[in-house]
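Quick look at structure-v5.pdb (PDB, C-alpha atoms):
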```pdb
ATOM      1  CA  MET A   1       3.038   0.095  23.898
ATOM      2  CA  ASP A   2      -0.092  -1.985  24.349
ATOM      3  CA  ASN A   3      -2.184  -2.916  21.312
ATOM      4  CA  ASP A   4      -5.033  -0.423  21.944
ATOM      5  CA  SER A   5      -2.571   2.439  22.391
ATOM      6  CA  TYR A   6      -0.723   1.436  19.240
ATOM      7  CA  ILE A   7      -3.936   1.318  17.203
ATOM      8  CA  SER A   8      -4.855   4.826  18.384
ATOM      9  CA  PHE A   9      -1.335   6.044  17.683
ATOM     10  CA  MET A  10      -1.429   4.626  14.149
ATOM     11  CA  ALA A  11      -4.788   6.247  13.428
ATOM     12  CA  LEU A  12      -3.331   9.639  14.355
ATOM     13  CA  GLN A  13      -0.185   9.009  12.327
ATOM     14  CA  SER A  14      -2.142   7.822   9.290
ATOM     15  CA  HIS A  15      -4.504  10.782   9.013
ATOM     16  CA  PRO A  16      -2.057  13.225   7.350
ATOM     17  CA  ILE A  17      -0.862  10.490   4.999
ATOM     18  CA  VAL A  18      -4.415   9.799   3.836
ATOM     19  CA  GLU A  19      -5.026  13.555   3.429
ATOM     20  CA  THR A  20      -1.941  13.818   1.213
ATOM     21  CA  ILE A  21      -2.972  10.790  -0.836
ATOM     22  CA  ALA A  22      -6.392  12.334  -1.415
ATOM     23  CA  LEU A  23      -4.856  15.612  -2.579
ATOM     24  CA  THR A  24      -2.072  14.205  -4.751
ATOM     25  CA  HIS A  25      -4.260  11.598  -6.444
ATOM     26  CA  ASN A  26      -7.386  13.778  -6.597
ATOM     27  CA  LEU A  27      -9.386  11.220  -4.594
ATOM     28  CA  THR A  28     -12.141  11.511  -2.067
ATOM     29  CA  LYS A  29     -10.995  10.866   1.479
ATOM     30  CA  ARG A  30     -12.930   7.598   1.431
ATOM     31  CA  ASN A  31     -11.139   6.415  -1.718
ATOM     32  CA  ALA A  32      -7.798   7.539  -0.289
ATOM     33  CA  LEU A  33      -8.530   5.541   2.878
ATOM     34  CA  ASP A  34      -9.368   2.474   0.788
ATOM     35  CA  LEU A  35      -6.177   2.857  -1.238
ATOM     36  CA  PHE A  36      -4.062   3.281   1.898
ATOM     37  CA  TYR A  37      -5.563   0.529   4.048
ATOM     38  CA  ASN A  38      -5.673  -2.009   1.201
ATOM     39  CA  SER A  39      -2.070  -1.498   0.109
ATOM     40  CA  ASN A  40       0.867  -3.800   0.707
ATOM     41  CA  PHE A  41       2.610  -0.720   2.054
ATOM     42  CA  TYR A  42       0.068  -0.474   4.878
ATOM     43  CA  ARG A  43       0.507  -4.138   5.788
ATOM     44  CA  VAL A  44       4.154  -3.397   6.506
ATOM     45  CA  TYR A  45       3.539   0.088   7.925
ATOM     46  CA  GLU A  46       1.052  -1.131  10.532
ATOM     47  CA  ARG A  47       3.480  -3.623  12.095
ATOM     48  CA  GLU A  48       4.943  -1.981  15.157
ATOM     49  CA  ASN A  49       8.343  -3.614  14.773
ATOM     50  CA  THR A  50       8.952  -1.945  11.360
ATOM     51  CA  LYS A  51       8.760   1.511  12.958
ATOM     52  CA  LEU A  52       8.038   3.047   9.549
ATOM     53  CA  TRP A  53       5.912   5.689  11.277
ATOM     54  CA  HIS A  54       9.091   7.537  12.244
ATOM     55  CA  PHE A  55       9.682   8.542   8.608
ATOM     56  CA  SER A  56       8.228  11.821   7.394
ATOM     57  CA  ASN A  57       4.775  11.856   5.835
ATOM     58  CA  VAL A  58       6.388  12.869   2.543
ATOM     59  CA  THR A  59       8.602   9.764   2.599
ATOM     60  CA  LEU A  60       5.687   7.517   3.543
ATOM     61  CA  VAL A  61       3.494   8.873   0.741
ATOM     62  CA  ASP A  62       6.415   8.446  -1.674
ATOM     63  CA  LEU A  63       6.707   4.796  -0.634
ATOM     64  CA  LEU A  64       3.000   4.226  -1.228
ATOM     65  CA  ASN A  65       3.230   6.005  -4.598
ATOM     66  CA  GLN A  66       6.159   3.744  -5.459
ATOM     67  CA  GLU A  67       3.926   0.731  -4.840
ATOM     68  CA  ILE A  68       1.124   2.229  -6.924
ATOM     69  CA  LEU A  69       3.433   3.004  -9.857
ATOM     70  CA  THR A  70       5.710  -0.027  -9.845
ATOM     71  CA  GLY A  71       4.039  -2.662  -7.682
ATOM     72  CA  HIS A  72       7.220  -2.753  -5.590
ATOM     73  CA  ILE A  73       8.415  -0.863  -2.510
ATOM     74  CA  GLU A  74      12.053  -0.223  -1.753
ATOM     75  CA  PHE A  75      12.173   0.820   1.879
ATOM     76  CA  PRO A  76      14.868   3.296   2.967
ATOM     77  CA  VAL A  77      17.753   1.872   4.942
ATOM     78  CA  GLU A  78      19.038   3.919   7.825
ATOM     79  CA  GLY A  79      22.709   3.736   8.525
TER      80      GLY A  79
END
```
Can the structure from this file be put into structure tokens for me?
Amino acid sequence: MDNDSYISFMALQSHPIVETIALTHNLTKRNALDLFYNSNFYRVYERENTKLWHFSNVTLVDLLNQEILTGHIEFPVEG
């Protein structure tokens, strides 16, 4: 996938995650966007080779919440 296509793809994939963050943390969408895009989780999530986008939105939000609560992320390992 070329870079422009991947960026568009990630924007579409990220929208429901940001919506869930806003609802679960009682944040405005703007604050949820800031939280998401400024997280260590997002730095890993945005790299195409990690393929984290294939996990469910629930799992992805749980990973971000893990970072928020503990400062650490333990990514699932698929077997």
In Å, how far is it from CA of Arg43 (chain A) to CA of Leu12 (chain A)?
-> 16.7 Å
Carefully work through the PyMOL selection byres ((chain A and resi 18-28) around 10) for this structure and note down the residues it includes, as a ChimeraX atom specification.
-> /A:13-17,29-37,57-58,61-62,64-65
Residues returned when the PyMOL selection byres ((chain A and resi 54) around 12) runs on this file, as a VMD selection string = chain A and resid 9 to 10 13 to 14 45 to 46 48 to 53 55 to 60 76 78
Determine, counting only C-alpha atoms, which protein, DNA and RNA residues have an atom within 10 Å of an atom of Ile73 (chain A); residues of the same chain fewer than 2 positions away are not included. Present the result as an NGL selection string.
-> :A and (40-41 or 62-71 or 75-76)
Taking every listed atom of region 62-78 of chain A and adding 8 Å to each side, what centre and edge lengths in Å (one decimal) does the axis-aligned box have, as AutoDock Vina command-line options?
```
--center_x 10.1 --center_y 2.8 --center_z -1.0 --size_x 33.9 --size_y 27.2 --size_z 33.7
```
Could I see region 36-69 of chain A restored to N, CA and C atoms, set down as a PDB file, keeping the file's coordinate frame?
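Below is the file rebuild-v3.pdb, written as the result:
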```
ATOM      1  N   PHE A  36      -5.067   3.397   0.846  1.00  0.00           N
ATOM      2  CA  PHE A  36      -4.062   3.281   1.898  1.00  0.00           C
ATOM      3  C   PHE A  36      -4.188   1.969   2.665  1.00  0.00           C
ATOM      4  N   TYR A  37      -5.379   1.703   3.190  1.00  0.00           N
ATOM      5  CA  TYR A  37      -5.563   0.529   4.048  1.00  0.00           C
ATOM      6  C   TYR A  37      -5.543  -0.803   3.293  1.00  0.00           C
ATOM      7  N   ASN A  38      -5.704  -0.773   1.988  1.00  0.00           N
ATOM      8  CA  ASN A  38      -5.673  -2.009   1.201  1.00  0.00           C
ATOM      9  C   ASN A  38      -4.340  -2.227   0.480  1.00  0.00           C
ATOM     10  N   SER A  39      -3.363  -1.395   0.783  1.00  0.00           N
ATOM     11  CA  SER A  39      -2.070  -1.498   0.109  1.00  0.00           C
ATOM     12  C   SER A  39      -1.138  -2.467   0.832  1.00  0.00           C
ATOM     13  N   ASN A  40      -0.191  -3.000   0.092  1.00  0.00           N
ATOM     14  CA  ASN A  40       0.867  -3.800   0.707  1.00  0.00           C
ATOM     15  C   ASN A  40       1.705  -2.924   1.620  1.00  0.00           C
ATOM     16  N   PHE A  41       1.880  -1.664   1.222  1.00  0.00           N
ATOM     17  CA  PHE A  41       2.610  -0.720   2.054  1.00  0.00           C
ATOM     18  C   PHE A  41       2.014  -0.674   3.457  1.00  0.00           C
ATOM     19  N   TYR A  42       0.688  -0.566   3.559  1.00  0.00           N
ATOM     20  CA  TYR A  42       0.068  -0.474   4.878  1.00  0.00           C
ATOM     21  C   TYR A  42       0.280  -1.741   5.695  1.00  0.00           C
ATOM     22  N   ARG A  43       0.285  -2.884   5.055  1.00  0.00           N
ATOM     23  CA  ARG A  43       0.507  -4.138   5.788  1.00  0.00           C
ATOM     24  C   ARG A  43       1.861  -4.145   6.495  1.00  0.00           C
ATOM     25  N   VAL A  44       2.841  -3.512   5.872  1.00  0.00           N
ATOM     26  CA  VAL A  44       4.154  -3.397   6.506  1.00  0.00           C
ATOM     27  C   VAL A  44       4.156  -2.236   7.501  1.00  0.00           C
ATOM     28  N   TYR A  45       3.577  -1.131   7.100  1.00  0.00           N
ATOM     29  CA  TYR A  45       3.539   0.088   7.925  1.00  0.00           C
ATOM     30  C   TYR A  45       2.860  -0.150   9.271  1.00  0.00           C
ATOM     31  N   GLU A  46       1.817  -0.945   9.298  1.00  0.00           N
ATOM     32  CA  GLU A  46       1.052  -1.131  10.532  1.00  0.00           C
ATOM     33  C   GLU A  46       1.757  -2.007  11.566  1.00  0.00           C
ATOM     34  N   ARG A  47       2.752  -2.768  11.147  1.00  0.00           N
ATOM     35  CA  ARG A  47       3.480  -3.623  12.095  1.00  0.00           C
ATOM     36  C   ARG A  47       4.400  -2.764  12.947  1.00  0.00           C
ATOM     37  N   GLU A  48       4.194  -2.844  14.241  1.00  0.00           N
ATOM     38  CA  GLU A  48       4.943  -1.981  15.157  1.00  0.00           C
ATOM     39  C   GLU A  48       6.450  -2.150  15.028  1.00  0.00           C
ATOM     40  N   ASN A  49       6.905  -3.368  14.802  1.00  0.00           N
ATOM     41  CA  ASN A  49       8.343  -3.614  14.773  1.00  0.00           C
ATOM     42  C   ASN A  49       9.049  -2.987  13.570  1.00  0.00           C
ATOM     43  N   THR A  50       8.312  -2.583  12.510  1.00  0.00           N
ATOM     44  CA  THR A  50       8.952  -1.945  11.360  1.00  0.00           C
ATOM     45  C   THR A  50       9.297  -0.493  11.654  1.00  0.00           C
ATOM     46  N   LYS A  51       8.548   0.120  12.545  1.00  0.00           N
ATOM     47  CA  LYS A  51       8.760   1.511  12.958  1.00  0.00           C
ATOM     48  C   LYS A  51       8.804   2.480  11.765  1.00  0.00           C
ATOM     49  N   LEU A  52       8.069   2.157  10.714  1.00  0.00           N
ATOM     50  CA  LEU A  52       8.038   3.047   9.549  1.00  0.00           C
ATOM     51  C   LEU A  52       7.419   4.398   9.881  1.00  0.00           C
ATOM     52  N   TRP A  53       6.581   4.442  10.912  1.00  0.00           N
ATOM     53  CA  TRP A  53       5.912   5.689  11.277  1.00  0.00           C
ATOM     54  C   TRP A  53       6.893   6.793  11.630  1.00  0.00           C
ATOM     55  N   HIS A  54       8.150   6.479  11.896  1.00  0.00           N
ATOM     56  CA  HIS A  54       9.091   7.537  12.244  1.00  0.00           C
ATOM     57  C   HIS A  54       9.592   8.301  11.017  1.00  0.00           C
ATOM     58  N   PHE A  55       9.334   7.799   9.813  1.00  0.00           N
ATOM     59  CA  PHE A  55       9.682   8.542   8.608  1.00  0.00           C
ATOM     60  C   PHE A  55       8.694   9.687   8.401  1.00  0.00           C
ATOM     61  N   SER A  56       9.102  10.684   7.667  1.00  0.00           N
ATOM     62  CA  SER A  56       8.228  11.821   7.394  1.00  0.00           C
ATOM     63  C   SER A  56       7.030  11.375   6.563  1.00  0.00           C
ATOM     64  N   ASN A  57       5.967  12.152   6.639  1.00  0.00           N
ATOM     65  CA  ASN A  57       4.775  11.856   5.835  1.00  0.00           C
ATOM     66  C   ASN A  57       5.108  11.889   4.349  1.00  0.00           C
ATOM     67  N   VAL A  58       5.988  12.782   3.951  1.00  0.00           N
ATOM     68  CA  VAL A  58       6.388  12.869   2.543  1.00  0.00           C
ATOM     69  C   VAL A  58       7.037  11.555   2.105  1.00  0.00           C
ATOM     70  N   THR A  59       7.944  11.035   2.920  1.00  0.00           N
ATOM     71  CA  THR A  59       8.602   9.764   2.599  1.00  0.00           C
ATOM     72  C   THR A  59       7.600   8.625   2.546  1.00  0.00           C
ATOM     73  N   LEU A  60       6.680   8.592   3.499  1.00  0.00           N
ATOM     74  CA  LEU A  60       5.687   7.517   3.543  1.00  0.00           C
ATOM     75  C   LEU A  60       4.766   7.564   2.324  1.00  0.00           C
ATOM     76  N   VAL A  61       4.339   8.748   1.938  1.00  0.00           N
ATOM     77  CA  VAL A  61       3.494   8.873   0.741  1.00  0.00           C
ATOM     78  C   VAL A  61       4.297   8.476  -0.499  1.00  0.00           C
ATOM     79  N   ASP A  62       5.570   8.845  -0.548  1.00  0.00           N
ATOM     80  CA  ASP A  62       6.415   8.446  -1.674  1.00  0.00           C
ATOM     81  C   ASP A  62       6.525   6.923  -1.773  1.00  0.00           C
ATOM     82  N   LEU A  63       6.638   6.259  -0.624  1.00  0.00           N
ATOM     83  CA  LEU A  63       6.707   4.796  -0.634  1.00  0.00           C
ATOM     84  C   LEU A  63       5.413   4.182  -1.155  1.00  0.00           C
ATOM     85  N   LEU A  64       4.277   4.729  -0.727  1.00  0.00           N
ATOM     86  CA  LEU A  64       3.000   4.226  -1.228  1.00  0.00           C
ATOM     87  C   LEU A  64       2.875   4.501  -2.726  1.00  0.00           C
ATOM     88  N   ASN A  65       3.278   5.681  -3.166  1.00  0.00           N
ATOM     89  CA  ASN A  65       3.230   6.005  -4.598  1.00  0.00           C
ATOM     90  C   ASN A  65       4.125   5.064  -5.400  1.00  0.00           C
ATOM     91  N   GLN A  66       5.261   4.701  -4.819  1.00  0.00           N
ATOM     92  CA  GLN A  66       6.159   3.744  -5.459  1.00  0.00           C
ATOM     93  C   GLN A  66       5.442   2.415  -5.691  1.00  0.00           C
ATOM     94  N   GLU A  67       4.692   1.971  -4.681  1.00  0.00           N
ATOM     95  CA  GLU A  67       3.926   0.731  -4.840  1.00  0.00           C
ATOM     96  C   GLU A  67       2.870   0.875  -5.931  1.00  0.00           C
ATOM     97  N   ILE A  68       2.180   1.999  -5.932  1.00  0.00           N
ATOM     98  CA  ILE A  68       1.124   2.229  -6.924  1.00  0.00           C
ATOM     99  C   ILE A  68       1.701   2.215  -8.338  1.00  0.00           C
ATOM    100  N   LEU A  69       2.846   2.868  -8.522  1.00  0.00           N
ATOM    101  CA  LEU A  69       3.433   3.004  -9.857  1.00  0.00           C
ATOM    102  C   LEU A  69       4.173   1.758 -10.335  1.00  0.00           C
TER     103      LEU A  69
END
```
